[in-house]
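Student: After the structure tokens below, expect a handful of questions from me.
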Amino acid sequence: MRTSRTTVQARRAGIIAAAVAVGLLATACGATDGGAAGGTEGSATEGTVTWWGWTPDAPNAEKLIAAFNEEYPDIEVSFISRPIDSYDSVLSPALTSSDGPDVFNVAPGSANGGVQTFGAGAIDLTPAVQEALGDGWKDQLAEIGVDGLTVDGKLVGLSAGAVYSGNLWINQDLFDEFGQQPPTTLEEWKSVCEAFEAGGKGCFVQGAGQHAFNMDTFEAIMENIEPGLYQKASLGEASYVDGDSGAKFAQGMEIWKSLFDEGIMQPGATGLQQYPDANNEFFAGNYAMVMMGSWYTQYAVKDSNLAAQEAAGVANPEPMTIIPIDLPDLAGTGNVGNMFGDADYGLAVSARSQNQEAATTFAVWLTTSQGGQQAVANTLNNIPALNGITPVWDDIELANPEAQAEVLSAYTEQAASATQPRFASVSAELNSGFRDTLGEVAEGRMSVADAQAHLQSIVDAE
């Protein structure tokens with residue numbers, strides 16, 4: 001009999017979770033009455049709070065902290081950005097150390113900062129959010145944020161907002177310069193790429209060496225083939241190999257491989273990382289298209305746009321017009337515009353924090369208050385977790401408002417209406433399976449049939 005997803009993930013959270021738990025147990029005897037596992041409460045309105053995360057970008061983190069300090073001037077918050085690929089490895093020892101963060105990012109499912117892995121190092125935020133929003137607090141917050149960050153009834157983190165994937169972003173300035181229109185089919189995509197390459201520009205860039213973004217592209221392909229099938233298979237409700245669903249996954253793998261065979265993916269794609277490599281190539285103006293999701297909306301804001309170009313090595317950047325477009329109809333089904341997402345990150349409060357009350361004040365304010373969630377909305381990095389909060393477009397300086405404002409407003413509504421998960425239904429083992437198969441299929445070292453069989457064997461074993 002197949003065990004539940006929650007049971008599987010809890011059982012297989014792995015060595016990192018064990019290390020965190022052991023460290024907490026080892027120090028529990030030193031906890032004070034006001035804290036847990038070595039933490040202390042401190043003051044709710046003053047103190048120093050250190051926040052670790054792989055997101056948001058530093059400029060947006062500064063905006064969020066500045067908004068917080070308008071209401072809580074005596075709580076000093078310092079954001080320390082940690083690389084996404086090494087986040088788990090640096091956070092694990094930090095949570096058993098007196099020098100660790102007071103607040104740290106967690107994520108649903110098998111993504112970095114997974115709640116199953118790091119939940120032991122966090123306090124339960126249920127009492128705090130209940131105090132802030134009342135008994136009906138769950139009805140006021142996005143369901144995916146609450147469910148995705150809860151482990152065995154413990155609210156490990158409070159979602160700042162959600163991100164959604166499944167679409168592409170284009171440099172509209174390059175499209176205008178080359179007289180091209182966004183592609184809507186595979187043949188159009190190939191034609192657009194030929195035009196850019198003939199003019200000395202790259203067409204599409206993806207860091208296919210960073211498998212999470214390969215999973216985004218593959219899930220987008222599967223949403224094009226049959227919406228919802230990707231999630232069903234990850235939950236064991238559809239087969240990767242048998243029957244109609246197996247045939248559709250074979251089609252999806254063939255389309256994925258065709259992106260490399262047909263020259264859509266840039267040469268050497270599997271040797272690049274999405275961050276920083278593909279991101280920098282796009283903002284350097286070397287490529288016209290990139291696979292990114294709703295979090296990329298933040299770079300439509302003028303100051304973030306210019307900062308991204310500077311980080312990519314552009315000496316004297318001018319505002320770049322970036323626009324989201326649907327993934328082309330690669331399967332010819334007409335199923336386009338489907339997106340999928342999870343809580344981008346939740347704020348967890350360390351059980352070892354010496355400033356738990358101040359840390360909790362910050363976490364709850366950013367994720368549940370009108371002011372905090374409006375600040376989140378206006379960065380355009382996340383779809384807010386608090387229901388009813390949307391960006392105030394008049395307060396946002398876009399890189400090219402005439403070209404972007406209407407498109408981005410519709411795009412954020414499109415993303416917020418999505419119902420399919422991104423990583424939340426994918427176990428750690430299946431995540432590793434996608435890492436192993438998608439790259440191997442892309443480079444021709446694994447057949448489509450073997451890739452399907454490998455994924456199915458993982459689900460069968462769970």
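Following the order of the structure tokens, first chain is A, next is B, and so on, with residues numbered from 1 inside each chain and ligands from 1 in the order they appear.
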I'd like the contact shell of Gly246 (chain A) - 10 Å cut-off, only C-alpha atoms, skipping same-chain residues fewer than 3 positions apart - returned as a PDB file with C-alpha atoms, in the first residue's frame.

Tutor:
```pdb
ATOM      1  CA  ALA A 233       2.099  11.090 -11.444  1.00  0.00           C
ATOM      2  CA  ALA A 238      -0.968   8.252 -12.771  1.00  0.00           C
ATOM      3  CA  SER A 239       1.799   6.172 -14.344  1.00  0.00           C
ATOM      4  CA  TYR A 240       4.980   7.457 -15.921  1.00  0.00           C
ATOM      5  CA  VAL A 241       5.170   4.323 -18.097  1.00  0.00           C
ATOM      6  CA  ASP A 242       1.806   2.633 -18.634  1.00  0.00           C
ATOM      7  CA  GLY A 243      -1.270   3.452 -20.651  1.00  0.00           C
ATOM      8  CA  PHE A 249       5.095  11.358 -20.483  1.00  0.00           C
ATOM      9  CA  ALA A 250       7.024   9.829 -23.382  1.00  0.00           C
ATOM     10  CA  GLN A 251       5.778  12.697 -25.541  1.00  0.00           C
ATOM     11  CA  GLY A 252       6.851  15.189 -22.889  1.00  0.00           C
ATOM     12  CA  ALA A 449      11.921   4.857 -21.931  1.00  0.00           C
ATOM     13  CA  GLN A 452      10.270   7.010 -17.526  1.00  0.00           C
ATOM     14  CA  ALA A 453      11.070   3.671 -15.898  1.00  0.00           C
ATOM     15  CA  GLN A 456       8.218   5.178 -11.962  1.00  0.00           C
TER      16      GLN A 456
END
```

Student: Just the helix (DSSP H, G or I) stuff from region 80-309 of chain A, please, per backbone DSSP, written as a ChimeraX atom specification.

Tutor: /A:84-94,115-121,126-133,137-140,143-148,172-177,186-198,211-225,229-234,243-261,269-271,274-283,294-300,302-309

Student: Using only C-alpha atoms, which protein or nucleic acid residues come within 9 Å of Val336 (chain A)? Drop anything in the same chain fewer than 2 positions from it, and give the result as JSON, numbers by chain.

Tutor: {"A": [223, 224, 326, 327, 328, 329, 333, 334, 338, 339]}

Student: For the selection just defined, write its residues with N, CA and C atoms to a file, as a PDB file, in the first residue's frame.

Tutor:
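Saved file result-v1.pdb follows:
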```pdb
ATOM      1  N   GLU A 223       2.160  20.379 -18.709  1.00  0.00           N
ATOM      2  CA  GLU A 223       0.921  21.159 -18.607  1.00  0.00           C
ATOM      3  C   GLU A 223       0.359  21.463 -19.992  1.00  0.00           C
ATOM      4  N   ASN A 224       1.237  21.635 -20.962  1.00  0.00           N
ATOM      5  CA  ASN A 224       0.821  21.842 -22.344  1.00  0.00           C
ATOM      6  C   ASN A 224       0.175  20.572 -22.923  1.00  0.00           C
ATOM      7  N   ASP A 326       3.606  33.291 -22.694  1.00  0.00           N
ATOM      8  CA  ASP A 326       3.285  31.882 -22.470  1.00  0.00           C
ATOM      9  C   ASP A 326       4.324  30.989 -23.132  1.00  0.00           C
ATOM     10  N   LEU A 327       4.551  29.812 -22.541  1.00  0.00           N
ATOM     11  CA  LEU A 327       5.341  28.804 -23.235  1.00  0.00           C
ATOM     12  C   LEU A 327       4.646  28.487 -24.552  1.00  0.00           C
ATOM     13  N   PRO A 328       5.381  28.414 -25.663  1.00  0.00           N
ATOM     14  CA  PRO A 328       4.736  28.065 -26.935  1.00  0.00           C
ATOM     15  C   PRO A 328       3.996  26.733 -26.860  1.00  0.00           C
ATOM     16  N   ASP A 329       3.012  26.573 -27.729  1.00  0.00           N
ATOM     17  CA  ASP A 329       2.191  25.359 -27.772  1.00  0.00           C
ATOM     18  C   ASP A 329       2.992  24.243 -28.437  1.00  0.00           C
ATOM     19  N   THR A 333      -1.687  21.202 -28.491  1.00  0.00           N
ATOM     20  CA  THR A 333      -2.960  20.892 -27.835  1.00  0.00           C
ATOM     21  C   THR A 333      -3.843  22.112 -27.616  1.00  0.00           C
ATOM     22  N   GLY A 334      -3.244  23.293 -27.672  1.00  0.00           N
ATOM     23  CA  GLY A 334      -3.972  24.507 -27.329  1.00  0.00           C
ATOM     24  C   GLY A 334      -3.980  24.799 -25.847  1.00  0.00           C
ATOM     25  N   ASN A 338      -0.871  27.762 -18.780  1.00  0.00           N
ATOM     26  CA  ASN A 338      -1.007  27.081 -17.487  1.00  0.00           C
ATOM     27  C   ASN A 338       0.245  27.306 -16.650  1.00  0.00           C
ATOM     28  N   MET A 339       0.041  27.709 -15.406  1.00  0.00           N
ATOM     29  CA  MET A 339       1.161  27.951 -14.508  1.00  0.00           C
ATOM     30  C   MET A 339       1.014  27.077 -13.265  1.00  0.00           C
TER      31      MET A 339
END
```

Student: Of the residues A:Gln354, A:Phe118, A:Arg422, A:Ser86, which is the one nearest to Asp99 (chain A), using only C-alpha atoms?

Tutor: A:Gln354

Student: Using only C-alpha atoms, find the one residue out of A:Leu438, A:Ile396, A:Ala348, A:Val115 that sits nearest to Val364 (chain A).

Tutor: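 With only C-alpha atoms as the atom set, the closest residue is A:Ala348.
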
Student: For Ala403 (chain A), please output as a PyMOL selection string all residues within 9 Å (counting only C-alpha atoms; exclusion window: fewer than 5 positions along the same chain).

Tutor: chain A and resi 172+321+323

Student: Write a file of the selected residues as a compact mmCIF listing (two decimals), in the first residue's frame, keeping C-alpha atoms.

Tutor:
```txt
# COMPACT_ATOMS: atom_id res chain seq x y z
CA GLN A 172 11.12 43.11 -25.83
CA THR A 321 11.87 46.05 -21.30
CA ILE A 323 7.87 40.90 -20.79
```

Student: Between CA of Val314 (chain A) and CA of Asp277 (chain A), measure the distance and give it in Å to one decimal.

Tutor: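 Straight-line distance from CA of Val314 (chain A) to CA of Asp277 (chain A) works out to 14.3 Å.
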
Student: Let me make sure I understand: among A:Ser417, A:Ser245, A:Thr40, A:Ser81, which one has the smallest atom-to-atom distance to Val349 (chain A) if we use only C-alpha atoms?

Tutor: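 Looking at the shortest contact to Val349 (chain A), the residue is A:Thr40.
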
Student: I'd like the contact shell of Phe218 (chain A) - 8 Å cut-off, only C-alpha atoms, skipping same-chain residues fewer than 3 positions apart - returned as JSON, numbers by chain.

Tutor: {"A": [214, 215, 221, 222, 252, 253, 256]}
